[in-house]
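J.: The following block contains the structure, expressed as structure tokens.
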Amino acid sequence: MWDFSTDTAFQEKLDWAAGFVQEEIEPLDVLFPGNAEPYDRGTEVFRDIVRPLQRQVRGQRLWAAHLPPSLGGMGMGQVHLGLLNEILGRSAWAPMVFGTQAPDSGNAEILAHYGTEEQRKAYLEPLLDGRIVSTFAMTEPSGGADPGGFTCRAVRDGDEWVIDGEKWFASHYPLAAFVIAMVVTDPDKPVHQGASMILVPAGTPGMEMVRGTGLAGEPLGQGVHAYLRFTGCRVPAENLLGEPGAGFRIAQTRLGGGRLHHAMRSVGQCRRALEMMTERVASRRTRGGPLADQQSVRHQLADSWIQIEQFRLQVLHAAWQMDRAERTGDSADARRARLHVSGVKAATPGILVDVAYRALHLHGALGVSNELGLARMWQSGPTLGVADGPTEAHQDVVARLLLKDAVPAEDPLFGSAHLPTRLAAARAKYADRLKETAVPR
Ligand SMILES: Cc1cc2nc3c(=O)[nH]c(=O)nc-3n(C[C@H](O)[C@H](O)[C@H](O)COP(=O)(O)OP(=O)(O)OC[C@H]3O[C@@H](n4cnc5c(N)ncnc54)[C@H](O)[C@@H]3O)c2cc1C
């Protein structure tokens with residue numbers, strides 16, 4: 001049965017979260033707008049404001065909701081997580097207050113599955129408790145979308161792994177307690193079978209930050225996206241997470257849900273932009289009437305709403321596919337879920353760029369100024385088009401999975417939809433019941 005309503009008990013949770021984000025967390029976005037600030041654990045803001053807010057989230061049983069109950073989460077499934085993330089998307093601080101921020105959410109899942117008991121005690125527990133943050137380092141200066149370009153190596157030497165190479169755009173490294181890095185452990189195999197995940201604690205000799213990179217608009221030389229260099233960096237053998245060569249399999253499990261969460265947060269942002277746009281055109285006057293009287297303005301409003309609704313349903317449907325694949329364990333369901341998640345990932349940047357652009361444009365100079373958050377929201381479109389793999393890579397996944405089931409036409413010249421061919425077949429099918437004159441020749 002199709003049903004687009006939310007069950008009452010969860011809707012109450014969502015209503016609480018919506019009020020809480022708006023009243024308690026959104027003020028932090030204005031007070032501390034820096035991209036890195038929500039990740040800094042050493043501040044009084046964290047201790048005196050964020051910690052008490054996190055306690056309220058725990059009280060509502062919404063803390064780290066993406067995790068299974070065994071790790072202190074709710075195991076609520078992707079559809080419910082999507083609806084929650086739509087609310088969290090309104091605020092840069094909200095994922096942190098709710099314990100669902102990337103990449104810590106995915107790193108926690110990796111440690112839970114593949115960490116030793118000591119590693120879980122030293123890193124997973126404080127990570128789950130929100131006392132530390134972490135870094136995921138996969139991209140290299142020489143290769144991002146194409147892992148075939150990865151050269152950062154780890155070589156076994158007795159009881160240790162020795163890492164040499166570079167990583168790029170390793171987010172939050174300056175604040176992180178540990179790094180999970182993708183390293184090539186068997187260069188003779190294709191990278192998808194020859195790369196592994198390895199845990200490197202902060203401060204390990206041989207791991208250094210060449211420089212911090214920020215996003216456009218941040219001062220040059222500052223930023224939490226690290227250019228990392230490993231030079232003879234040694235870690236104990238047990239720091240390799242999972243089997244040697246399993247790096248990409250592990251990475252895939254952590255990325256699927258995360259992509260949907262980003263997408264639903266983008267829906268939340270777009271809804272905020274639409275609210276701002278609507279308020280603006282209803283209140284701004286031009287040529288003797290509200291801006292909203294102009295037909296081109298009304299079309300922008302309508303187009304934005306239509307795009308948001310379409311995309312929102314696409315994301316929730318992908319979430320439902322993921323939940324089903326999880327429930328059935330069926331490989332065909334898993335493949336279908338992957339198709340939907342990549343479709344969502346490829347569509348996310350475009351909707352942010354379109355809706356945020358219309359909103360900022362209709363605000364005139366104020367829209368492009370630093371007195372509204374719309375230009376920053378617009379910029380997050382291209383950013384999401386690159387982070388977690390560029391749009392083209394996901395379009396490629398969609399096309400590959402669609403083509404997997406493609407059957408070449410029996411008639412390669414005109415194909416199976418060719419009307420004259422179908423007419424002949426239809427005529428033959430009903431030949432005994434059709435009068436000669438009833439069918440065009
Ligand atoms: C805000 C942000 C945070 C990030 N955080 C992290 C992090 O914490 N850890 C981490 O490891 N990485 C991180 N990244 C890096 C991100 O994963 C990479 O930027 C991404 O995978 C693309 O790699 P690249 O930048 O090397 O671009 P490239 O791989 O060089 O691609 C550049 C462009 O080439 C085109 N292109 C690439 N491949 C194809 C293709 N197959 N078909 C057609 N066109 C193609 C696309 O237009 C693409 O945008 C982050 C990036 C951003 C923006």
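Following the order of the structure tokens, first chain is A, next is B, and so on, with residues numbered from 1 inside each chain and ligands from 1 in the order they appear.
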Env of Gly130 in chain A: 10 Å cut, atoms = only C-alpha atoms, seq-sep filter 6 positions within chain, self excluded. Answer as a VMD selection string.
T.: chain A and resid 39 41 51 54 63 to 64 96 to 100 104 124
J.: Kindly provide, as number ranges by chain, all nucleotide and amino acid residues lying within 7 Å of ligand 1, counting only C-alpha atoms and all ligand atoms.
T.: A: 103, 135-146, 168-171, 225, 383-384, 386-393, 396
J.: Using only N, CA and C atoms, please write the residues we just selected to a file, as a PDB file, in the first residue's frame.
T.:
```pdb
ATOM      1  N   PRO A 103      32.398  13.161   8.883  1.00  0.00           N
ATOM      2  CA  PRO A 103      32.466  11.748   8.568  1.00  0.00           C
ATOM      3  C   PRO A 103      32.410  10.855   9.806  1.00  0.00           C
ATOM      4  N   THR A 135      38.627  11.936  11.157  1.00  0.00           N
ATOM      5  CA  THR A 135      38.844  12.282   9.746  1.00  0.00           C
ATOM      6  C   THR A 135      38.807  11.023   8.895  1.00  0.00           C
ATOM      7  N   PHE A 136      38.293  11.175   7.682  1.00  0.00           N
ATOM      8  CA  PHE A 136      38.310  10.076   6.712  1.00  0.00           C
ATOM      9  C   PHE A 136      39.158  10.548   5.527  1.00  0.00           C
ATOM     10  N   ALA A 137      40.259   9.858   5.257  1.00  0.00           N
ATOM     11  CA  ALA A 137      41.197  10.334   4.232  1.00  0.00           C
ATOM     12  C   ALA A 137      41.296   9.324   3.099  1.00  0.00           C
ATOM     13  N   MET A 138      40.629   9.635   1.999  1.00  0.00           N
ATOM     14  CA  MET A 138      40.653   8.742   0.848  1.00  0.00           C
ATOM     15  C   MET A 138      41.231   9.466  -0.373  1.00  0.00           C
ATOM     16  N   THR A 139      40.720  10.653  -0.643  1.00  0.00           N
ATOM     17  CA  THR A 139      41.146  11.411  -1.833  1.00  0.00           C
ATOM     18  C   THR A 139      42.633  11.723  -1.771  1.00  0.00           C
ATOM     19  N   GLU A 140      43.288  11.706  -2.940  1.00  0.00           N
ATOM     20  CA  GLU A 140      44.697  12.083  -3.013  1.00  0.00           C
ATOM     21  C   GLU A 140      44.847  13.262  -3.965  1.00  0.00           C
ATOM     22  N   PRO A 141      45.945  14.002  -3.851  1.00  0.00           N
ATOM     23  CA  PRO A 141      46.123  15.129  -4.774  1.00  0.00           C
ATOM     24  C   PRO A 141      46.112  14.658  -6.226  1.00  0.00           C
ATOM     25  N   SER A 142      46.572  13.422  -6.444  1.00  0.00           N
ATOM     26  CA  SER A 142      46.689  12.939  -7.818  1.00  0.00           C
ATOM     27  C   SER A 142      45.451  12.175  -8.286  1.00  0.00           C
ATOM     28  N   GLY A 143      44.470  11.972  -7.420  1.00  0.00           N
ATOM     29  CA  GLY A 143      43.304  11.204  -7.855  1.00  0.00           C
ATOM     30  C   GLY A 143      42.194  11.221  -6.829  1.00  0.00           C
ATOM     31  N   GLY A 144      41.003  11.634  -7.253  1.00  0.00           N
ATOM     32  CA  GLY A 144      39.858  11.650  -6.339  1.00  0.00           C
ATOM     33  C   GLY A 144      38.775  10.719  -6.845  1.00  0.00           C
ATOM     34  N   ALA A 145      38.081  11.149  -7.908  1.00  0.00           N
ATOM     35  CA  ALA A 145      36.979  10.340  -8.442  1.00  0.00           C
ATOM     36  C   ALA A 145      37.484   9.001  -8.957  1.00  0.00           C
ATOM     37  N   ASP A 146      38.691   8.986  -9.473  1.00  0.00           N
ATOM     38  CA  ASP A 146      39.242   7.731  -9.999  1.00  0.00           C
ATOM     39  C   ASP A 146      40.277   7.158  -9.018  1.00  0.00           C
ATOM     40  N   TRP A 168      44.404  14.268   0.394  1.00  0.00           N
ATOM     41  CA  TRP A 168      43.968  15.639   0.053  1.00  0.00           C
ATOM     42  C   TRP A 168      42.521  15.822   0.485  1.00  0.00           C
ATOM     43  N   PHE A 169      42.233  17.010   1.011  1.00  0.00           N
ATOM     44  CA  PHE A 169      40.885  17.362   1.455  1.00  0.00           C
ATOM     45  C   PHE A 169      40.363  16.438   2.562  1.00  0.00           C
ATOM     46  N   ALA A 170      41.273  16.098   3.463  1.00  0.00           N
ATOM     47  CA  ALA A 170      40.893  15.263   4.612  1.00  0.00           C
ATOM     48  C   ALA A 170      40.242  16.183   5.659  1.00  0.00           C
ATOM     49  N   SER A 171      38.908  16.182   5.656  1.00  0.00           N
ATOM     50  CA  SER A 171      38.169  17.191   6.437  1.00  0.00           C
ATOM     51  C   SER A 171      38.355  17.032   7.940  1.00  0.00           C
ATOM     52  N   HIS A 225      40.223  21.392   5.718  1.00  0.00           N
ATOM     53  CA  HIS A 225      40.361  20.297   4.756  1.00  0.00           C
ATOM     54  C   HIS A 225      41.862  20.134   4.497  1.00  0.00           C
ATOM     55  N   THR A 383      29.649  22.375  -4.140  1.00  0.00           N
ATOM     56  CA  THR A 383      30.463  21.605  -3.181  1.00  0.00           C
ATOM     57  C   THR A 383      29.933  20.174  -3.081  1.00  0.00           C
ATOM     58  N   LEU A 384      28.594  20.046  -2.972  1.00  0.00           N
ATOM     59  CA  LEU A 384      28.017  18.695  -2.893  1.00  0.00           C
ATOM     60  C   LEU A 384      28.132  17.945  -4.217  1.00  0.00           C
ATOM     61  N   VAL A 386      30.799  17.702  -5.784  1.00  0.00           N
ATOM     62  CA  VAL A 386      32.154  17.133  -5.816  1.00  0.00           C
ATOM     63  C   VAL A 386      32.380  16.180  -4.639  1.00  0.00           C
ATOM     64  N   ALA A 387      31.999  16.636  -3.430  1.00  0.00           N
ATOM     65  CA  ALA A 387      32.247  15.819  -2.231  1.00  0.00           C
ATOM     66  C   ALA A 387      31.549  14.463  -2.355  1.00  0.00           C
ATOM     67  N   ASP A 388      32.174  13.423  -1.814  1.00  0.00           N
ATOM     68  CA  ASP A 388      31.618  12.055  -1.898  1.00  0.00           C
ATOM     69  C   ASP A 388      31.524  11.549  -3.326  1.00  0.00           C
ATOM     70  N   GLY A 389      32.342  12.077  -4.220  1.00  0.00           N
ATOM     71  CA  GLY A 389      32.330  11.634  -5.619  1.00  0.00           C
ATOM     72  C   GLY A 389      31.564  12.602  -6.491  1.00  0.00           C
ATOM     73  N   PRO A 390      32.150  12.998  -7.639  1.00  0.00           N
ATOM     74  CA  PRO A 390      31.486  13.992  -8.495  1.00  0.00           C
ATOM     75  C   PRO A 390      30.234  13.438  -9.171  1.00  0.00           C
ATOM     76  N   THR A 391      29.385  14.362  -9.568  1.00  0.00           N
ATOM     77  CA  THR A 391      28.100  14.015 -10.182  1.00  0.00           C
ATOM     78  C   THR A 391      28.262  12.994 -11.311  1.00  0.00           C
ATOM     79  N   GLU A 392      29.271  13.210 -12.159  1.00  0.00           N
ATOM     80  CA  GLU A 392      29.423  12.331 -13.330  1.00  0.00           C
ATOM     81  C   GLU A 392      29.653  10.885 -12.911  1.00  0.00           C
ATOM     82  N   ALA A 393      30.384  10.696 -11.805  1.00  0.00           N
ATOM     83  CA  ALA A 393      30.659   9.326 -11.356  1.00  0.00           C
ATOM     84  C   ALA A 393      29.350   8.638 -10.976  1.00  0.00           C
ATOM     85  N   ASP A 396      27.288   7.865 -13.946  1.00  0.00           N
ATOM     86  CA  ASP A 396      27.881   6.669 -14.545  1.00  0.00           C
ATOM     87  C   ASP A 396      27.341   5.397 -13.876  1.00  0.00           C
TER      88      ASP A 396
END
```
J.: What's the separation between CA of Met209 in chain A and CA of Tyr227 in chain A, in Å to one decimal place?
T.: 5.8 Å
J.: Considering only C-alpha atoms, return as a ChimeraX atom specification whatever protein or nucleic-acid residues lie within 9 Å of His262 in chain A, sequence-local ones (same chain, fewer than 4 positions apart) excluded.
T.: /A:85-86,89,257-258,266-267,345,348,384
J.: Could those residues be written to a file, using C-alpha atoms, as a PDB file, in the first residue's frame?
T.:
```pdb
ATOM      1  CA  ASN A  85      17.740  14.995   8.359  1.00  0.00           C
ATOM      2  CA  GLU A  86      15.396  17.250   6.437  1.00  0.00           C
ATOM      3  CA  GLY A  89      19.505  20.528   7.178  1.00  0.00           C
ATOM      4  CA  GLY A 257      23.227   6.287   3.917  1.00  0.00           C
ATOM      5  CA  GLY A 258      25.456   9.366   4.223  1.00  0.00           C
ATOM      6  CA  SER A 266      19.646  19.795   1.100  1.00  0.00           C
ATOM      7  CA  VAL A 267      15.858  19.472   0.916  1.00  0.00           C
ATOM      8  CA  LYS A 345      23.491  11.960  -5.314  1.00  0.00           C
ATOM      9  CA  THR A 348      21.382  16.922  -5.241  1.00  0.00           C
ATOM     10  CA  LEU A 384      28.017  18.695  -2.893  1.00  0.00           C
TER      11      LEU A 384
END
```
J.: Which residues come within 8 Å of range 315-321 of chain A, counting only C-alpha atoms, excluding same-chain residues fewer than 2 positions away, as a list in words?
T.: Gln78, Val79, Gly82, Leu260, Ala263, Met264, Phe311, Arg312, Leu313, Asp323, Arg324, Ala325, Asp333, Arg336, Ala337, His340, Val341 and Val344 of chain A
J.: Give me, as a ChimeraX atom specification, the residues of range 29-213 of chain A that a backbone DSSP run labels helix (DSSP H, G or I).
T.: /A:29-31,37-39,44-59,69-71,78-88,94-97,104-114,117-128,147-149,173-175,191-194
